[in-house]
$ cat structure-v5.cif   # mmCIF, N, CA and C atoms
data_query
loop_
_atom_site.label_atom_id
_atom_site.label_comp_id
_atom_site.auth_asym_id
_atom_site.auth_seq_id
_atom_site.Cartn_x
_atom_site.Cartn_y
_atom_site.Cartn_z
N MET I 1 24.33 -18.72 -1.57
CA MET I 1 23.63 -17.67 -2.29
C MET I 1 24.58 -17.14 -3.36
N SER I 2 24.08 -17.02 -4.60
CA SER I 2 24.91 -16.52 -5.69
C SER I 2 25.04 -15.00 -5.59
N GLU I 3 25.99 -14.44 -6.37
CA GLU I 3 26.21 -12.99 -6.33
C GLU I 3 25.01 -12.21 -6.84
N THR I 4 24.18 -12.82 -7.70
CA THR I 4 23.03 -12.12 -8.26
C THR I 4 21.84 -12.14 -7.32
N GLN I 5 21.83 -13.04 -6.32
CA GLN I 5 20.73 -13.09 -5.37
C GLN I 5 21.00 -12.10 -4.24
N VAL I 6 19.95 -11.41 -3.83
CA VAL I 6 20.06 -10.47 -2.73
C VAL I 6 19.17 -10.97 -1.61
N GLU I 7 19.74 -11.11 -0.44
CA GLU I 7 18.96 -11.54 0.71
C GLU I 7 18.01 -10.42 1.11
N ASN I 8 16.73 -10.77 1.38
CA ASN I 8 15.74 -9.79 1.78
C ASN I 8 16.01 -9.40 3.23
N PRO I 9 16.35 -8.12 3.49
CA PRO I 9 16.64 -7.70 4.87
C PRO I 9 15.38 -7.56 5.73
N LEU I 10 14.19 -7.59 5.11
CA LEU I 10 12.95 -7.46 5.85
C LEU I 10 12.58 -8.80 6.49
N PRO I 11 11.98 -8.78 7.68
CA PRO I 11 11.61 -10.04 8.33
C PRO I 11 10.42 -10.73 7.68
N HIS I 12 9.73 -10.03 6.76
CA HIS I 12 8.57 -10.61 6.08
C HIS I 12 8.38 -9.93 4.73
N ALA I 13 8.11 -10.74 3.71
CA ALA I 13 8.00 -10.23 2.34
C ALA I 13 6.91 -9.17 2.18
N ILE I 14 5.79 -9.27 2.90
CA ILE I 14 4.70 -8.31 2.69
C ILE I 14 5.01 -6.92 3.21
N LEU I 15 6.08 -6.76 3.96
CA LEU I 15 6.43 -5.44 4.50
C LEU I 15 7.09 -4.53 3.48
N GLU I 16 7.54 -5.08 2.37
CA GLU I 16 8.28 -4.30 1.39
C GLU I 16 7.52 -3.06 0.91
N ASN I 17 6.22 -3.22 0.66
CA ASN I 17 5.42 -2.09 0.17
C ASN I 17 4.30 -1.72 1.14
N ASP I 18 4.46 -2.05 2.41
CA ASP I 18 3.43 -1.77 3.42
C ASP I 18 3.70 -0.40 4.05
N TYR I 19 3.20 0.64 3.40
CA TYR I 19 3.46 2.01 3.84
C TYR I 19 2.73 2.35 5.13
N ALA I 20 1.59 1.76 5.38
CA ALA I 20 0.87 2.01 6.64
C ALA I 20 1.69 1.52 7.82
N THR I 21 2.24 0.33 7.71
CA THR I 21 3.07 -0.23 8.78
C THR I 21 4.30 0.64 9.02
N GLN I 22 4.89 1.14 7.94
CA GLN I 22 6.05 2.03 8.07
C GLN I 22 5.65 3.32 8.79
N TRP I 23 4.53 3.93 8.40
CA TRP I 23 4.07 5.17 9.02
C TRP I 23 3.80 4.99 10.51
N MET I 24 3.23 3.84 10.88
CA MET I 24 2.91 3.58 12.28
C MET I 24 4.16 3.27 13.11
N GLY I 25 5.28 3.03 12.46
CA GLY I 25 6.51 2.73 13.20
C GLY I 25 6.52 1.34 13.81
N ILE I 26 5.82 0.42 13.18
CA ILE I 26 5.74 -0.95 13.69
C ILE I 26 7.08 -1.66 13.52
N GLU I 27 7.51 -2.33 14.58
CA GLU I 27 8.73 -3.13 14.55
C GLU I 27 8.36 -4.59 14.73
N VAL I 28 9.01 -5.45 13.94
CA VAL I 28 8.78 -6.88 14.02
C VAL I 28 9.81 -7.48 14.97
N LEU I 29 9.32 -8.12 16.04
CA LEU I 29 10.21 -8.79 16.98
C LEU I 29 10.42 -10.25 16.62
N ASN I 30 9.36 -10.88 16.12
CA ASN I 30 9.44 -12.29 15.78
C ASN I 30 8.36 -12.60 14.74
N VAL I 31 8.73 -13.39 13.76
CA VAL I 31 7.75 -13.85 12.79
C VAL I 31 8.16 -15.24 12.31
N SER I 32 7.18 -16.14 12.28
CA SER I 32 7.40 -17.49 11.79
C SER I 32 6.06 -18.01 11.30
N ASP I 33 6.05 -19.21 10.78
CA ASP I 33 4.82 -19.78 10.25
C ASP I 33 3.74 -19.82 11.33
N GLY I 34 2.68 -19.04 11.14
CA GLY I 34 1.56 -19.05 12.05
C GLY I 34 1.70 -18.19 13.29
N GLN I 35 2.80 -17.44 13.40
CA GLN I 35 3.02 -16.61 14.59
C GLN I 35 3.69 -15.30 14.21
N ALA I 36 3.43 -14.27 15.01
CA ALA I 36 4.11 -12.98 14.84
C ALA I 36 4.00 -12.20 16.14
N VAL I 37 5.06 -11.45 16.45
CA VAL I 37 5.05 -10.51 17.58
C VAL I 37 5.61 -9.20 17.05
N ILE I 38 4.82 -8.12 17.20
CA ILE I 38 5.21 -6.81 16.71
C ILE I 38 4.93 -5.76 17.78
N THR I 39 5.60 -4.60 17.66
CA THR I 39 5.38 -3.52 18.62
C THR I 39 5.16 -2.20 17.90
N MET I 40 4.56 -1.25 18.63
CA MET I 40 4.33 0.09 18.11
C MET I 40 4.23 1.04 19.30
N GLU I 41 4.99 2.14 19.26
CA GLU I 41 4.86 3.15 20.30
C GLU I 41 3.62 3.99 20.01
N LEU I 42 2.82 4.21 21.02
CA LEU I 42 1.59 4.97 20.86
C LEU I 42 1.91 6.46 20.87
N LYS I 43 1.92 7.05 19.67
CA LYS I 43 2.29 8.46 19.48
C LYS I 43 1.07 9.37 19.55
N GLN I 44 1.32 10.67 19.72
CA GLN I 44 0.25 11.66 19.86
C GLN I 44 -0.73 11.62 18.68
N GLU I 45 -0.21 11.47 17.46
CA GLU I 45 -1.10 11.48 16.29
C GLU I 45 -1.95 10.22 16.17
N MET I 46 -1.79 9.29 17.12
CA MET I 46 -2.58 8.05 17.15
C MET I 46 -3.67 8.09 18.21
N LEU I 47 -3.85 9.26 18.84
CA LEU I 47 -4.82 9.39 19.93
C LEU I 47 -6.15 9.92 19.42
N ASN I 48 -7.21 9.57 20.15
CA ASN I 48 -8.53 10.11 19.82
C ASN I 48 -8.80 11.36 20.66
N GLY I 49 -10.00 11.88 20.61
CA GLY I 49 -10.36 13.09 21.33
C GLY I 49 -10.36 12.95 22.85
N PHE I 50 -10.28 11.72 23.36
CA PHE I 50 -10.22 11.48 24.79
C PHE I 50 -8.77 11.38 25.30
N GLY I 51 -7.80 11.48 24.36
CA GLY I 51 -6.40 11.40 24.73
C GLY I 51 -5.89 9.99 24.96
N ILE I 52 -6.63 9.00 24.44
CA ILE I 52 -6.20 7.60 24.51
C ILE I 52 -6.10 7.06 23.08
N ALA I 53 -5.58 5.85 22.96
CA ALA I 53 -5.39 5.27 21.62
C ALA I 53 -6.69 5.26 20.83
N HIS I 54 -6.63 5.72 19.60
CA HIS I 54 -7.75 5.59 18.67
C HIS I 54 -7.93 4.10 18.41
N GLY I 55 -9.16 3.62 18.47
CA GLY I 55 -9.43 2.20 18.25
C GLY I 55 -8.90 1.70 16.92
N GLY I 56 -8.91 2.56 15.91
CA GLY I 56 -8.40 2.17 14.60
C GLY I 56 -6.91 1.88 14.61
N MET I 57 -6.17 2.55 15.49
CA MET I 57 -4.72 2.30 15.59
C MET I 57 -4.46 0.95 16.25
N ILE I 58 -5.23 0.64 17.28
CA ILE I 58 -5.10 -0.68 17.92
C ILE I 58 -5.48 -1.76 16.93
N PHE I 59 -6.57 -1.54 16.21
CA PHE I 59 -7.01 -2.50 15.20
C PHE I 59 -5.94 -2.69 14.13
N ALA I 60 -5.35 -1.59 13.65
CA ALA I 60 -4.33 -1.68 12.60
C ALA I 60 -3.11 -2.46 13.07
N LEU I 61 -2.71 -2.27 14.32
CA LEU I 61 -1.58 -3.02 14.86
C LEU I 61 -1.91 -4.51 14.89
N ALA I 62 -3.08 -4.86 15.41
CA ALA I 62 -3.50 -6.27 15.47
C ALA I 62 -3.64 -6.86 14.07
N ASP I 63 -4.18 -6.08 13.14
CA ASP I 63 -4.37 -6.54 11.77
C ASP I 63 -3.03 -6.82 11.09
N THR I 64 -2.03 -6.02 11.39
CA THR I 64 -0.69 -6.24 10.83
C THR I 64 -0.11 -7.54 11.36
N ALA I 65 -0.24 -7.79 12.66
CA ALA I 65 0.23 -9.05 13.24
C ALA I 65 -0.50 -10.23 12.61
N PHE I 66 -1.79 -10.06 12.37
CA PHE I 66 -2.61 -11.08 11.72
C PHE I 66 -2.05 -11.40 10.33
N ALA I 67 -1.83 -10.36 9.53
CA ALA I 67 -1.31 -10.56 8.17
C ALA I 67 0.05 -11.26 8.17
N LEU I 68 0.92 -10.85 9.09
CA LEU I 68 2.25 -11.46 9.16
C LEU I 68 2.19 -12.92 9.56
N SER I 69 1.24 -13.26 10.43
CA SER I 69 1.17 -14.63 10.92
C SER I 69 0.50 -15.59 9.93
N CYS I 70 -0.33 -15.09 9.03
CA CYS I 70 -1.02 -16.01 8.12
C CYS I 70 -0.46 -16.03 6.70
N ASN I 71 0.62 -15.32 6.46
CA ASN I 71 1.32 -15.39 5.18
C ASN I 71 2.75 -15.87 5.42
N PRO I 72 3.29 -16.68 4.51
CA PRO I 72 4.67 -17.16 4.72
C PRO I 72 5.66 -16.00 4.69
N PRO I 73 6.62 -15.98 5.62
CA PRO I 73 7.58 -14.86 5.69
C PRO I 73 8.32 -14.61 4.37
N GLU I 74 8.57 -15.65 3.61
CA GLU I 74 9.30 -15.49 2.35
C GLU I 74 8.38 -15.08 1.19
N GLY I 75 7.07 -15.06 1.44
CA GLY I 75 6.11 -14.71 0.40
C GLY I 75 5.76 -15.90 -0.46
N SER I 76 4.83 -15.71 -1.37
CA SER I 76 4.40 -16.76 -2.28
C SER I 76 4.16 -16.15 -3.65
N GLU I 77 4.57 -16.84 -4.66
CA GLU I 77 4.33 -16.38 -6.04
C GLU I 77 2.91 -16.68 -6.49
N GLU I 78 2.22 -17.60 -5.80
CA GLU I 78 0.92 -18.08 -6.27
C GLU I 78 -0.28 -17.61 -5.46
N THR I 79 -0.13 -17.45 -4.14
CA THR I 79 -1.28 -17.13 -3.30
C THR I 79 -0.96 -16.02 -2.30
N ILE I 80 -2.02 -15.42 -1.77
CA ILE I 80 -1.95 -14.52 -0.62
C ILE I 80 -3.04 -14.95 0.35
N THR I 81 -2.85 -14.66 1.61
CA THR I 81 -3.87 -14.95 2.61
C THR I 81 -4.36 -13.62 3.17
N VAL I 82 -5.68 -13.42 3.09
CA VAL I 82 -6.30 -12.16 3.47
C VAL I 82 -7.37 -12.41 4.54
N ALA I 83 -7.84 -11.34 5.15
CA ALA I 83 -8.90 -11.45 6.15
C ALA I 83 -10.23 -11.70 5.47
N SER I 84 -10.98 -12.66 5.97
CA SER I 84 -12.36 -12.84 5.52
C SER I 84 -13.32 -12.26 6.55
N GLY I 85 -12.81 -11.99 7.74
CA GLY I 85 -13.61 -11.35 8.78
C GLY I 85 -12.79 -11.27 10.06
N VAL I 86 -13.11 -10.29 10.89
CA VAL I 86 -12.41 -10.13 12.16
C VAL I 86 -13.38 -9.61 13.21
N ASP I 87 -13.04 -9.88 14.46
CA ASP I 87 -13.73 -9.31 15.60
C ASP I 87 -12.66 -8.77 16.53
N ILE I 88 -12.96 -7.64 17.17
CA ILE I 88 -12.02 -7.09 18.15
C ILE I 88 -12.81 -6.65 19.37
N ASN I 89 -12.23 -6.93 20.53
CA ASN I 89 -12.79 -6.47 21.80
C ASN I 89 -11.76 -5.59 22.47
N PHE I 90 -12.14 -4.33 22.72
CA PHE I 90 -11.26 -3.38 23.39
C PHE I 90 -11.49 -3.52 24.89
N LEU I 91 -10.43 -3.79 25.64
CA LEU I 91 -10.56 -4.10 27.06
C LEU I 91 -10.02 -3.01 27.98
N LYS I 92 -8.99 -2.30 27.56
CA LYS I 92 -8.40 -1.21 28.34
C LYS I 92 -7.95 -0.13 27.36
N PRO I 93 -7.91 1.12 27.79
CA PRO I 93 -7.43 2.16 26.88
C PRO I 93 -5.92 2.05 26.66
N GLY I 94 -5.50 2.32 25.43
CA GLY I 94 -4.08 2.43 25.13
C GLY I 94 -3.60 3.79 25.61
N ILE I 95 -2.51 3.80 26.37
CA ILE I 95 -2.02 5.02 27.02
C ILE I 95 -0.90 5.65 26.18
N PRO I 96 -0.96 6.97 25.94
CA PRO I 96 0.07 7.64 25.13
C PRO I 96 1.47 7.36 25.64
N GLY I 97 2.38 7.13 24.70
CA GLY I 97 3.79 6.91 25.02
C GLY I 97 4.14 5.47 25.37
N ARG I 98 3.15 4.64 25.58
CA ARG I 98 3.43 3.24 25.92
C ARG I 98 3.71 2.44 24.65
N LEU I 99 4.43 1.36 24.83
CA LEU I 99 4.75 0.45 23.73
C LEU I 99 3.69 -0.63 23.68
N LEU I 100 2.89 -0.63 22.62
CA LEU I 100 1.89 -1.68 22.43
C LEU I 100 2.55 -2.87 21.74
N THR I 101 2.18 -4.06 22.18
CA THR I 101 2.70 -5.30 21.58
C THR I 101 1.52 -6.12 21.10
N ALA I 102 1.59 -6.60 19.86
CA ALA I 102 0.57 -7.49 19.31
C ALA I 102 1.21 -8.85 19.08
N SER I 103 0.64 -9.87 19.71
CA SER I 103 1.14 -11.24 19.59
C SER I 103 0.08 -12.08 18.91
N ALA I 104 0.44 -12.64 17.74
CA ALA I 104 -0.51 -13.40 16.93
C ALA I 104 -0.13 -14.87 16.91
N ARG I 105 -1.16 -15.73 16.88
CA ARG I 105 -0.91 -17.17 16.74
C ARG I 105 -2.05 -17.82 15.98
N ARG I 106 -1.69 -18.79 15.18
CA ARG I 106 -2.68 -19.57 14.44
C ARG I 106 -3.38 -20.51 15.42
N VAL I 107 -4.71 -20.50 15.38
CA VAL I 107 -5.51 -21.40 16.21
C VAL I 107 -5.88 -22.64 15.42
N SER I 108 -6.24 -22.44 14.14
CA SER I 108 -6.69 -23.56 13.31
C SER I 108 -6.47 -23.22 11.84
N GLN I 109 -6.13 -24.23 11.06
CA GLN I 109 -5.99 -24.08 9.60
C GLN I 109 -6.63 -25.30 8.96
N GLN I 110 -7.64 -25.08 8.15
CA GLN I 110 -8.31 -26.17 7.43
C GLN I 110 -8.42 -25.76 5.97
N GLY I 111 -7.62 -26.37 5.12
CA GLY I 111 -7.63 -26.00 3.70
C GLY I 111 -7.23 -24.56 3.52
N ARG I 112 -8.08 -23.78 2.85
CA ARG I 112 -7.78 -22.37 2.57
C ARG I 112 -8.25 -21.43 3.66
N SER I 113 -8.86 -21.96 4.74
CA SER I 113 -9.42 -21.12 5.81
C SER I 113 -8.63 -21.29 7.10
N GLY I 114 -8.47 -20.18 7.83
CA GLY I 114 -7.76 -20.24 9.10
C GLY I 114 -8.39 -19.33 10.14
N ILE I 115 -8.03 -19.58 11.39
CA ILE I 115 -8.45 -18.75 12.51
C ILE I 115 -7.20 -18.37 13.29
N TYR I 116 -7.09 -17.09 13.62
CA TYR I 116 -5.92 -16.55 14.33
C TYR I 116 -6.38 -15.69 15.49
N ASP I 117 -5.69 -15.80 16.62
CA ASP I 117 -5.94 -14.93 17.77
C ASP I 117 -4.76 -13.99 17.95
N ILE I 118 -5.08 -12.72 18.15
CA ILE I 118 -4.07 -11.69 18.36
C ILE I 118 -4.41 -10.97 19.66
N THR I 119 -3.43 -10.88 20.56
CA THR I 119 -3.59 -10.16 21.82
C THR I 119 -2.72 -8.92 21.77
N VAL I 120 -3.32 -7.77 22.08
CA VAL I 120 -2.58 -6.50 22.13
C VAL I 120 -2.41 -6.13 23.60
N THR I 121 -1.16 -5.89 23.99
CA THR I 121 -0.85 -5.57 25.39
C THR I 121 -0.04 -4.29 25.49
N GLN I 122 0.07 -3.78 26.73
CA GLN I 122 0.93 -2.64 27.05
C GLN I 122 1.43 -2.82 28.47
N PRO I 123 2.56 -2.19 28.79
CA PRO I 123 3.03 -2.24 30.18
C PRO I 123 2.05 -1.47 31.07
N GLY I 124 1.77 -2.03 32.24
CA GLY I 124 0.89 -1.36 33.19
C GLY I 124 1.69 -0.51 34.17
N THR I 125 0.99 0.30 34.94
CA THR I 125 1.67 1.16 35.91
C THR I 125 2.28 0.36 37.06
N ASN I 126 1.77 -0.83 37.32
CA ASN I 126 2.26 -1.64 38.42
C ASN I 126 3.35 -2.63 37.98
N GLY I 127 3.85 -2.47 36.75
CA GLY I 127 4.87 -3.37 36.24
C GLY I 127 4.33 -4.62 35.57
N ARG I 128 3.05 -4.83 35.66
CA ARG I 128 2.43 -5.99 35.01
C ARG I 128 1.98 -5.61 33.59
N THR I 129 1.81 -6.63 32.77
CA THR I 129 1.33 -6.42 31.42
C THR I 129 -0.19 -6.36 31.43
N GLU I 130 -0.74 -5.36 30.73
CA GLU I 130 -2.19 -5.20 30.62
C GLU I 130 -2.65 -5.59 29.22
N THR I 131 -3.75 -6.29 29.13
CA THR I 131 -4.34 -6.61 27.83
C THR I 131 -5.22 -5.44 27.40
N VAL I 132 -4.88 -4.87 26.25
CA VAL I 132 -5.61 -3.74 25.69
C VAL I 132 -6.76 -4.22 24.82
N ALA I 133 -6.51 -5.27 24.02
CA ALA I 133 -7.54 -5.77 23.10
C ALA I 133 -7.29 -7.23 22.75
N GLU I 134 -8.37 -7.91 22.40
CA GLU I 134 -8.31 -9.27 21.87
C GLU I 134 -8.95 -9.23 20.49
N PHE I 135 -8.26 -9.76 19.51
CA PHE I 135 -8.65 -9.71 18.10
C PHE I 135 -8.68 -11.14 17.59
N ARG I 136 -9.76 -11.55 16.93
CA ARG I 136 -9.81 -12.87 16.29
C ARG I 136 -10.01 -12.63 14.80
N GLY I 137 -9.09 -13.18 14.01
CA GLY I 137 -9.15 -13.02 12.57
C GLY I 137 -9.46 -14.34 11.88
N ARG I 138 -10.30 -14.26 10.87
CA ARG I 138 -10.60 -15.41 10.02
C ARG I 138 -9.97 -15.14 8.66
N SER I 139 -9.17 -16.08 8.19
CA SER I 139 -8.41 -15.87 6.96
C SER I 139 -8.90 -16.76 5.83
N ARG I 140 -8.54 -16.32 4.63
CA ARG I 140 -8.83 -17.11 3.43
C ARG I 140 -7.65 -16.95 2.48
N THR I 141 -7.13 -18.06 1.99
CA THR I 141 -6.04 -18.05 1.03
C THR I 141 -6.64 -18.03 -0.37
N ILE I 142 -6.19 -17.07 -1.17
CA ILE I 142 -6.74 -16.87 -2.52
C ILE I 142 -5.58 -16.77 -3.52
N PRO I 143 -5.90 -16.92 -4.83
CA PRO I 143 -4.85 -16.72 -5.83
C PRO I 143 -4.31 -15.30 -5.77
N LYS I 144 -3.00 -15.16 -5.97
CA LYS I 144 -2.37 -13.84 -5.96
C LYS I 144 -2.89 -13.04 -7.16
N PRO I 145 -3.34 -11.80 -6.92
CA PRO I 145 -3.82 -10.96 -8.04
C PRO I 145 -2.70 -10.73 -9.03
N LYS I 146 -3.07 -10.65 -10.28
CA LYS I 146 -2.09 -10.36 -11.35
C LYS I 146 -1.67 -8.90 -11.26
N SER I 147 -0.39 -8.64 -11.51
CA SER I 147 0.10 -7.27 -11.53
C SER I 147 -0.50 -6.51 -12.69
N ARG I 148 -0.68 -5.21 -12.50
CA ARG I 148 -1.27 -4.40 -13.58
C ARG I 148 -0.24 -4.06 -14.60
#

$ encode --input "structure-v5.cif" --output "structure tokens"
Amino acid sequence: MSETQVENPLPHAILENDYATQWMGIEVLNVSDGQAVITMELKQEMLNGFGIAHGGMIFALADTAFALSCNPPEGSEETITVASGVDINFLKPGIPGRLLTASARRVSQQGRSGIYDITVTQPGTNGRTETVAEFRGRSRTIPKPKSR
């Protein structure tokens, strides 16, 4: 690496300007082509009126893992991969103070279209891992928008 090049300290190029991910306190544990594992502590401001995780917070965590898994970690000058559609099934409530983990993996990639599965888990009271939600994302690779 030359003196003029600066190594990107972020684990993924799209995190540089991702203010939502920063606000949520998401940490990247692992990211590679077609896979990502991230965590987020479920804070009080992320709860709904029932005192459990707001569904939008669980969705946002899974969506972030989806984005990280379907875009190259180093970024691309020519394309971005975005969601063309998603489905989420909420299976257990997210409990305040617990560490949620979203694990994403590519299921299929055909041309510009892909399918990704993301599982959101939390530690259970019995020491076992509980599945909080299952998210399936459909992706589409498109030309990178021109800067304004």

$ resolve_selection --input "structure-v5.cif" --expression "the PyMOL selection byres (((chain I and resi 114 and name CA) around 6) and name CA)" --output "ChimeraX atom specification"
/I:108-109,113,115,138-139

$ closest_residue --input "structure-v5.cif" --among "I:Ala36, I:Ile142, I:Leu47, I:Ala60" --to "Thr21 in chain I" --atoms "only N, CA and C atoms"
I:Ala60

$ residues_around --input "structure-v5.cif" --residues "Pro145 in chain I" --least-positions-apart "2" --cutoff "12 Å" --atoms "only C-alpha atoms" --output "count of residues only"
12

$ select_by_dssp --input "structure-v5.cif" --residues "range 46-96 of chain I" --states "strand (DSSP E or B)" --output "PDB file with N, CA and C atoms, keeping the file's coordinate frame"
ATOM      1  N   LEU I  47      -3.850   9.260  18.840  1.00  0.00           N
ATOM      2  CA  LEU I  47      -4.820   9.390  19.930  1.00  0.00           C
ATOM      3  C   LEU I  47      -6.150   9.920  19.420  1.00  0.00           C
ATOM      4  N   ALA I  53      -5.580   5.850  22.960  1.00  0.00           N
ATOM      5  CA  ALA I  53      -5.390   5.270  21.620  1.00  0.00           C
ATOM      6  C   ALA I  53      -6.690   5.260  20.830  1.00  0.00           C
ATOM      7  N   THR I  79      -0.130 -17.450  -4.140  1.00  0.00           N
ATOM      8  CA  THR I  79      -1.280 -17.130  -3.300  1.00  0.00           C
ATOM      9  C   THR I  79      -0.960 -16.020  -2.300  1.00  0.00           C
ATOM     10  N   ILE I  80      -2.020 -15.420  -1.770  1.00  0.00           N
ATOM     11  CA  ILE I  80      -1.950 -14.520  -0.620  1.00  0.00           C
ATOM     12  C   ILE I  80      -3.040 -14.950   0.350  1.00  0.00           C
ATOM     13  N   THR I  81      -2.850 -14.660   1.610  1.00  0.00           N
ATOM     14  CA  THR I  81      -3.870 -14.950   2.610  1.00  0.00           C
ATOM     15  C   THR I  81      -4.360 -13.620   3.170  1.00  0.00           C
ATOM     16  N   VAL I  82      -5.680 -13.420   3.090  1.00  0.00           N
ATOM     17  CA  VAL I  82      -6.300 -12.160   3.470  1.00  0.00           C
ATOM     18  C   VAL I  82      -7.370 -12.410   4.540  1.00  0.00           C
ATOM     19  N   ALA I  83      -7.840 -11.340   5.150  1.00  0.00           N
ATOM     20  CA  ALA I  83      -8.900 -11.450   6.150  1.00  0.00           C
ATOM     21  C   ALA I  83     -10.230 -11.700   5.470  1.00  0.00           C
ATOM     22  N   SER I  84     -10.980 -12.660   5.970  1.00  0.00           N
ATOM     23  CA  SER I  84     -12.360 -12.840   5.520  1.00  0.00           C
ATOM     24  C   SER I  84     -13.320 -12.260   6.550  1.00  0.00           C
ATOM     25  N   GLY I  85     -12.810 -11.990   7.740  1.00  0.00           N
ATOM     26  CA  GLY I  85     -13.610 -11.350   8.780  1.00  0.00           C
ATOM     27  C   GLY I  85     -12.790 -11.270  10.060  1.00  0.00           C
ATOM     28  N   VAL I  86     -13.110 -10.290  10.890  1.00  0.00           N
ATOM     29  CA  VAL I  86     -12.410 -10.130  12.160  1.00  0.00           C
ATOM     30  C   VAL I  86     -13.380  -9.610  13.210  1.00  0.00           C
ATOM     31  N   ASP I  87     -13.040  -9.880  14.460  1.00  0.00           N
ATOM     32  CA  ASP I  87     -13.730  -9.310  15.600  1.00  0.00           C
ATOM     33  C   ASP I  87     -12.660  -8.770  16.530  1.00  0.00           C
ATOM     34  N   ILE I  88     -12.960  -7.640  17.170  1.00  0.00           N
ATOM     35  CA  ILE I  88     -12.020  -7.090  18.150  1.00  0.00           C
ATOM     36  C   ILE I  88     -12.810  -6.650  19.370  1.00  0.00           C
ATOM     37  N   ASN I  89     -12.230  -6.930  20.530  1.00  0.00           N
ATOM     38  CA  ASN I  89     -12.790  -6.470  21.800  1.00  0.00           C
ATOM     39  C   ASN I  89     -11.760  -5.590  22.470  1.00  0.00           C
ATOM     40  N   PHE I  90     -12.140  -4.330  22.720  1.00  0.00           N
ATOM     41  CA  PHE I  90     -11.260  -3.380  23.390  1.00  0.00           C
ATOM     42  C   PHE I  90     -11.490  -3.520  24.890  1.00  0.00           C
TER      43      PHE I  90
END

$ residues_around --input "structure-v5.cif" --residues "Ile58 in chain I" --least-positions-apart "4" --cutoff "8 Å" --atoms "only C-alpha atoms" --output "count of residues only"
6
